[in-house]
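*Asks:* Just passing along the structure, written as structure tokens.
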Amino acid sequence: MPGKTLVEKIWDRHRVADLGDGTDLLYVDRVLLHERTGSVALKSLGEAGRTVRNPAQAFVCMDHIVDTLPGRSDDTLMPGGKAFIQETRAAANAAGIQVFDLGDPRQGIVHVVIPEQGLTLPGLTVVCPDSHTCTQGGLGALAWGIGSTEGEHALATQTLAVRRPKRMRVTLTGALAPGVTAKDLVLTLIGRHTAAGGSGYVIEFAGPVVEAMAVEARMTLCNMAVEFAAWTGLCAPDDKTVAWLAGRPFAPKGADWDRAVVAWADLRSDADAVFDKEIELDCTEVAPVVTWGTSPQHAMAVTGQVPDPAADPDPNNREAQRRALAYMGLNPGDRLADLAIDAAFIGSCTNSRLSDLRTAAAIVKGRHVARGVRAIVVPGSMQVKAAAEAEGLDRVFLDAGFEWREAGCSMCFFAGGEHFGAGQRVITSTNRNFENRQGPGTRSHLASPASVAASAIAGRIADVRDLMD
């Protein structure tokens with residue numbers, strides 16, 4: 001009998017019952033909410049006459065709708081947003097659920113705050129009504145996005161009925177070239193295998209490049225798993241994971257910590273484990289990547305030229321590419337590095353951690369944002385913001401002409417009320433470049449924080465390697 005994959009080990013430890021037809025009832029360790037979906041789930045739960053089974057294992061972050069402007073309050077830019085914020089706060093407090101609220105020095109994006117506080121641990125099951133819950137797989141947790149109805153079920157029972165996904169291993173070999181980051185790797189993966197390439201799978205990212213990668217970079221990899229259509233993504237925990245978690249406020253302490261570290265040591269796929277699909281990516285051949293179109297799969301090296309839809313043999317792809325070119329205001333053969341930008345955005349659950357800000361600041365330091373370009377930095381949490389300010393990173397960005405904001409999702413997506421203008425070309429460290437994602441008619445190009453910083457300085461999409469010492 002073959003060994004087990006990492007996912008199978010976590011799955012088996014949480015299986016409460018086999019429901020048949022490939023579906024299991026899983027115990028859920030953490031239920032996360034934010035103000036955009038939290039008020040709906042908690043209100044519906046109350047209307048059904050049910051209560052939260054274990055409030056100590058549920059947590060709310062105010063992140064999606066809240067403003068990130070200085071002096072913010074509940075009076076968010078989003079029409080009706082104030083009600084979402086206040087209703088979520090009231091319902092969570094009534095249920096006894098911990099809220100990382102406005103004014104709390106721990107507030108921020110749920111996928112940044114929860115790991116940061118030591119609430120996401122290797123081997124746990126974590127759910128949230130948010131597709132980028134997969135981010136937390138970077139710590140070796142099985143974390144996935146759910147709907148509001150599933151959120152109610154998880155709150156009421158601490159379990160979920162889940163159909164067992166297929167297992168894929170993506171092995172990253174070789175080494176990273178200068179200027180290449182986890183964001184470039186995962187965009188390359190999606191570009192080569194399409195945005196549907198991971199459909200039906202839970203993906204384990206593995207290989208020497210992952211092992212050499214910092215924990216926060218692994219979170220970036222896993223964050224984008226959902227853009228690959230995967231059910232979720234995760235990395236096996238290791239000594240780096242343990243060191244990253246040590247001393248976090250909610251992480252186990254004393255003898256409990258020692259026992260936890262011993263238990264985590266087995267959280268890796270056995271050498272003879274069998275995956276349903278294997279992909280290998282030689283990272284040595286990857287360059288800094290920027291998207292040209294309206295899907296994460298529209299990704300190419302920053303030195304590339306916009307493709308000609310006529311060259312694609314698939315009629316569906318041809319039509320999608322034609323529509324993307326029209327929306328993005330591009331023509332076949334346009335060079336990415338020639339495209340002037342109106343704005344640059346560093347933030348989101350993908351790339352707003354302290355390591356991201358350090359990388360971007362290293363490019364920006366001693367330089368200035370190009371005339372006419374609006375450049376914005378939004379830290380992922382107030383803790384990240386405080387740490388960055390303690391290092392003087394805020395001063396680097398402000399001196400260069402960037403806006404320095406409060407923590408939150410901000411301009412990652414339009415639904416929070418903050419947005420860029422119609423027709424504006426934005427290079428962004430976020431995860432989605434769909435039509436209207438950052439505002440009606442806004443043209444978004446996904447890239448790493450380093451590439452965003454370099455482009456803000458150049459006033460056009462830029463190759464970060466040209467600005468590296």
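To be explicit about the labels: the chains of the structure tokens are called A, B, and onward in the order shown, and within each one the residues are counted from 1, while ligands get numbers from 1 in the order they are shown.
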Using only C-alpha atoms, determine which residues lie at most 8 Å from segment 427-438 of chain A, disregarding the query and same-chain residues fewer than 6 positions distant; provide the list as a ChimeraX atom specification.

*Replies:* /A:223-224,227,293-296,327,341,343-351,411-414,419-420,444-449,452,455,461

*Asks:* Got a sec to tell me which of segment 45-247 of chain A DSSP assigns to alpha helix (DSSP H), as number ranges by chain?

*Replies:* A: 45-47, 81-95, 110-116, 148-157, 182-193, 208-212, 215-223, 239-245

*Asks:* Name the residues in contact with Gly118 of chain A at a cut-off of 6 Å, using only C-alpha atoms, excluding same-chain residues fewer than 4 positions from it; report them as a ChimeraX atom specification.

*Replies:* /A:248,250-251

*Asks:* Save the residues we just selected, N, CA and C atoms, as a CSV table (one decimal), in the first residue's frame?

*Replies:*
```
chain,number,residue,atom,x,y,z
A,248,ARG,N,4.3,33.6,18.4
A,248,ARG,CA,3.1,34.3,17.9
A,248,ARG,C,2.0,34.3,19.0
A,250,PHE,N,-1.1,33.7,19.5
A,250,PHE,CA,-2.1,32.6,19.8
A,250,PHE,C,-1.4,31.2,19.5
A,251,ALA,N,-0.2,31.1,19.2
A,251,ALA,CA,0.5,29.9,19.0
A,251,ALA,C,0.7,29.2,20.4
```

*Asks:* Just the residues within 7 Å of segment 383-398 of chain A, please, counting only C-alpha atoms, with nothing from its chain fewer than 3 positions along; format it as a PyMOL selection string.

*Replies:* chain A and resi 105-106+353-354+361+364-365+379-380+401-404

*Asks:* Write out, as CSV, each residue of segment 277-320 of chain A that has an atom at most 8 Å from segment 328-334 of chain A, together with the closest pair of atoms and their distance in Å to one decimal, counting only C-alpha atoms, rows going by chain and rising number.

*Replies:*
```
residue,atom,partner,partner_atom,distance
A:Trp292,CA,A:Met328,CA,7.8
A:Gly293,CA,A:Met328,CA,6.4
A:Thr294,CA,A:Met328,CA,7.6
A:Gln305,CA,A:Gly333,CA,5.1
A:Val306,CA,A:Gly333,CA,5.0
A:Pro307,CA,A:Pro332,CA,5.2
A:Asp308,CA,A:Pro332,CA,4.6
A:Pro309,CA,A:Pro332,CA,7.6
```

*Asks:* A:Ile203, A:Ile65, A:Cys134, A:Val378: which is nearest Glu35 of chain A, counting only C-alpha atoms?

*Replies:*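 Nearest to Glu35 of chain A: A:Ile65.
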
*Asks:* Just the number, please: distance in Å from atom CA of Arg335 of chain A to atom CA of Arg425 of chain A, one decimal.

*Replies:*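 These atoms are spaced 14.5 Å apart.
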
*Asks:* Find the residue from A:Leu124, A:Val426, A:Cys283, A:Leu339 that sits nearest to Trp11 of chain A; use only C-alpha atoms when measuring.

*Replies:*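 Looking only at the distances to Trp11 of chain A, the closest residue turns out to be A:Leu124.
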
*Asks:* Pick out the closest residue to Leu25 of chain A from this set: A:Leu160, A:Ala141, A:Val180, A:Leu155. Count only C-alpha atoms.

*Replies:*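 Residue with the minimum atom-to-atom distance to Leu25 of chain A: A:Leu160.
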
*Asks:* Pick from A:Ala458, A:Ala156, A:Ala337, A:Val110: nearest to Arg371 of chain A, with only C-alpha atoms counted?

*Replies:* A:Ala458

*Asks:* Hey, what's within 9 Å of Leu176 of chain A if we count only C-alpha atoms and toss same-chain stuff fewer than 4 positions away? As a PDB file with N, CA, C and O atoms, in the first residue's frame, please?

*Replies:*
```pdb
ATOM      1  N   VAL A 180      13.353  37.565  -9.588  1.00  0.00           N
ATOM      2  CA  VAL A 180      12.244  36.619  -9.727  1.00  0.00           C
ATOM      3  C   VAL A 180      11.751  36.204  -8.334  1.00  0.00           C
ATOM      4  O   VAL A 180      12.547  35.872  -7.459  1.00  0.00           O
ATOM      5  N   THR A 181      10.441  36.241  -8.164  1.00  0.00           N
ATOM      6  CA  THR A 181       9.839  35.954  -6.865  1.00  0.00           C
ATOM      7  C   THR A 181       8.783  34.859  -6.993  1.00  0.00           C
ATOM      8  O   THR A 181       8.476  34.383  -8.085  1.00  0.00           O
ATOM      9  N   ALA A 182       8.205  34.521  -5.833  1.00  0.00           N
ATOM     10  CA  ALA A 182       7.134  33.517  -5.834  1.00  0.00           C
ATOM     11  C   ALA A 182       5.988  33.931  -6.748  1.00  0.00           C
ATOM     12  O   ALA A 182       5.366  33.086  -7.400  1.00  0.00           O
ATOM     13  N   LEU A 185       6.733  32.984 -10.241  1.00  0.00           N
ATOM     14  CA  LEU A 185       6.658  31.534 -10.450  1.00  0.00           C
ATOM     15  C   LEU A 185       5.221  31.078 -10.647  1.00  0.00           C
ATOM     16  O   LEU A 185       4.911  30.314 -11.566  1.00  0.00           O
ATOM     17  N   VAL A 209      13.067  24.576  -4.606  1.00  0.00           N
ATOM     18  CA  VAL A 209      12.803  26.022  -4.586  1.00  0.00           C
ATOM     19  C   VAL A 209      11.824  26.374  -3.464  1.00  0.00           C
ATOM     20  O   VAL A 209      11.987  27.397  -2.779  1.00  0.00           O
ATOM     21  N   CYS A 283      12.552  26.526 -12.391  1.00  0.00           N
ATOM     22  CA  CYS A 283      12.479  27.957 -12.057  1.00  0.00           C
ATOM     23  C   CYS A 283      13.643  28.752 -12.631  1.00  0.00           C
ATOM     24  O   CYS A 283      13.571  29.984 -12.735  1.00  0.00           O
ATOM     25  N   THR A 284      14.697  28.059 -13.020  1.00  0.00           N
ATOM     26  CA  THR A 284      15.866  28.746 -13.557  1.00  0.00           C
ATOM     27  C   THR A 284      15.513  29.533 -14.812  1.00  0.00           C
ATOM     28  O   THR A 284      16.121  30.574 -15.100  1.00  0.00           O
ATOM     29  N   GLU A 285      14.512  29.041 -15.549  1.00  0.00           N
ATOM     30  CA  GLU A 285      14.163  29.669 -16.822  1.00  0.00           C
ATOM     31  C   GLU A 285      13.074  30.736 -16.679  1.00  0.00           C
ATOM     32  O   GLU A 285      12.592  31.263 -17.678  1.00  0.00           O
ATOM     33  N   VAL A 286      12.668  31.049 -15.438  1.00  0.00           N
ATOM     34  CA  VAL A 286      11.585  32.016 -15.213  1.00  0.00           C
ATOM     35  C   VAL A 286      12.165  33.426 -15.057  1.00  0.00           C
ATOM     36  O   VAL A 286      13.131  33.637 -14.332  1.00  0.00           O
ATOM     37  N   ALA A 287      11.531  34.380 -15.740  1.00  0.00           N
ATOM     38  CA  ALA A 287      11.907  35.796 -15.645  1.00  0.00           C
ATOM     39  C   ALA A 287      10.807  36.537 -14.892  1.00  0.00           C
ATOM     40  O   ALA A 287       9.734  35.993 -14.639  1.00  0.00           O
TER      41      ALA A 287
END
```

*Asks:* Using only C-alpha atoms, which of A:Glu280, A:Glu418, A:Glu319, A:Glu204 sits nearest Glu8 of chain A?

*Replies:*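 Among the listed residues, the smallest separation from Glu8 of chain A belongs to A:Glu204.
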
*Asks:* Tell me, as a PyMOL selection string, which residues lie within 8 Å of Gly108 of chain A, counting only C-alpha atoms; anything in the same chain fewer than 3 positions away does not count.

*Replies:* chain A and resi 61-63+100+112-113+380-382+407-409

*Asks:* Quick one: pick out all strand (DSSP E) residues within segment 190-302 of chain A from a backbone DSSP run and write them as a VMD selection string.

*Replies:* chain A and resid 201 to 206 232 to 235 277 to 282 289 to 291 299 to 301

*Asks:* If we count only C-alpha atoms, what is near segment 186-195 of chain A at a cut-off of 6 Å, once residues fewer than 3 positions away on the same chain are taken out, given as a PDB file with all heavy atoms, in the first residue's frame?

*Replies:*
```pdb
ATOM      1  N   LYS A 183       5.682  35.222  -6.798  1.00  0.00           N
ATOM      2  CA  LYS A 183       4.592  35.697  -7.648  1.00  0.00           C
ATOM      3  C   LYS A 183       4.891  35.395  -9.118  1.00  0.00           C
ATOM      4  O   LYS A 183       3.996  34.978  -9.869  1.00  0.00           O
ATOM      5  CB  LYS A 183       4.429  37.205  -7.449  1.00  0.00           C
ATOM      6  CG  LYS A 183       3.271  37.859  -8.196  1.00  0.00           C
ATOM      7  CD  LYS A 183       1.938  37.408  -7.656  1.00  0.00           C
ATOM      8  CE  LYS A 183       0.795  38.316  -8.071  1.00  0.00           C
ATOM      9  NZ  LYS A 183       0.846  39.642  -7.427  1.00  0.00           N
ATOM     10  N   LEU A 221       2.551  31.873  -3.059  1.00  0.00           N
ATOM     11  CA  LEU A 221       2.312  30.731  -3.956  1.00  0.00           C
ATOM     12  C   LEU A 221       0.912  30.174  -3.737  1.00  0.00           C
ATOM     13  O   LEU A 221       0.132  29.993  -4.678  1.00  0.00           O
ATOM     14  CB  LEU A 221       3.315  29.614  -3.670  1.00  0.00           C
ATOM     15  CG  LEU A 221       4.648  29.547  -4.374  1.00  0.00           C
ATOM     16  CD1 LEU A 221       5.338  28.242  -3.982  1.00  0.00           C
ATOM     17  CD2 LEU A 221       4.506  29.641  -5.874  1.00  0.00           C
ATOM     18  N   PHE A 228      -5.480  29.337 -10.146  1.00  0.00           N
ATOM     19  CA  PHE A 228      -5.164  28.170 -10.969  1.00  0.00           C
ATOM     20  C   PHE A 228      -6.362  27.215 -10.975  1.00  0.00           C
ATOM     21  O   PHE A 228      -6.268  26.103 -11.464  1.00  0.00           O
ATOM     22  CB  PHE A 228      -3.916  27.499 -10.388  1.00  0.00           C
ATOM     23  CG  PHE A 228      -3.209  26.520 -11.281  1.00  0.00           C
ATOM     24  CD1 PHE A 228      -3.095  26.724 -12.648  1.00  0.00           C
ATOM     25  CD2 PHE A 228      -2.627  25.382 -10.743  1.00  0.00           C
ATOM     26  CE1 PHE A 228      -2.433  25.813 -13.458  1.00  0.00           C
ATOM     27  CE2 PHE A 228      -1.958  24.470 -11.538  1.00  0.00           C
ATOM     28  CZ  PHE A 228      -1.867  24.682 -12.903  1.00  0.00           C
ATOM     29  N   GLN A 297      -3.948  33.832 -16.476  1.00  0.00           N
ATOM     30  CA  GLN A 297      -3.227  33.014 -17.454  1.00  0.00           C
ATOM     31  C   GLN A 297      -2.654  33.856 -18.590  1.00  0.00           C
ATOM     32  O   GLN A 297      -1.824  33.381 -19.363  1.00  0.00           O
ATOM     33  CB  GLN A 297      -4.129  31.926 -18.018  1.00  0.00           C
ATOM     34  CG  GLN A 297      -5.118  32.370 -19.073  1.00  0.00           C
ATOM     35  CD  GLN A 297      -5.945  31.216 -19.608  1.00  0.00           C
ATOM     36  OE1 GLN A 297      -6.272  30.278 -18.883  1.00  0.00           O
ATOM     37  NE2 GLN A 297      -6.287  31.262 -20.881  1.00  0.00           N
ATOM     38  N   ALA A 299      -0.262  35.708 -18.844  1.00  0.00           N
ATOM     39  CA  ALA A 299       0.985  36.093 -18.176  1.00  0.00           C
ATOM     40  C   ALA A 299       2.169  35.793 -19.084  1.00  0.00           C
ATOM     41  O   ALA A 299       2.180  34.791 -19.800  1.00  0.00           O
ATOM     42  CB  ALA A 299       1.126  35.319 -16.867  1.00  0.00           C
TER      43      ALA A 299
END
```

*Asks:* Report the distance between atom CA of Leu467 of chain A and atom CA of Ala454 of chain A in Å, rounded to one decimal place.

*Replies:*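 These atoms are spaced 6.8 Å apart.
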
*Asks:* Have a look at A:Gly151, A:Pro313, A:Gly439, A:Gly459 and name the one nearest to Gly372 of chain A; count only C-alpha atoms.

*Replies:*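 Smallest separation from Gly372 of chain A among the options: A:Gly459.
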
*Asks:* Between atom CA of Ala206 of chain A and atom CA of Val464 of chain A, what is the distance, to one decimal in Å?

*Replies:* 26.4 Å
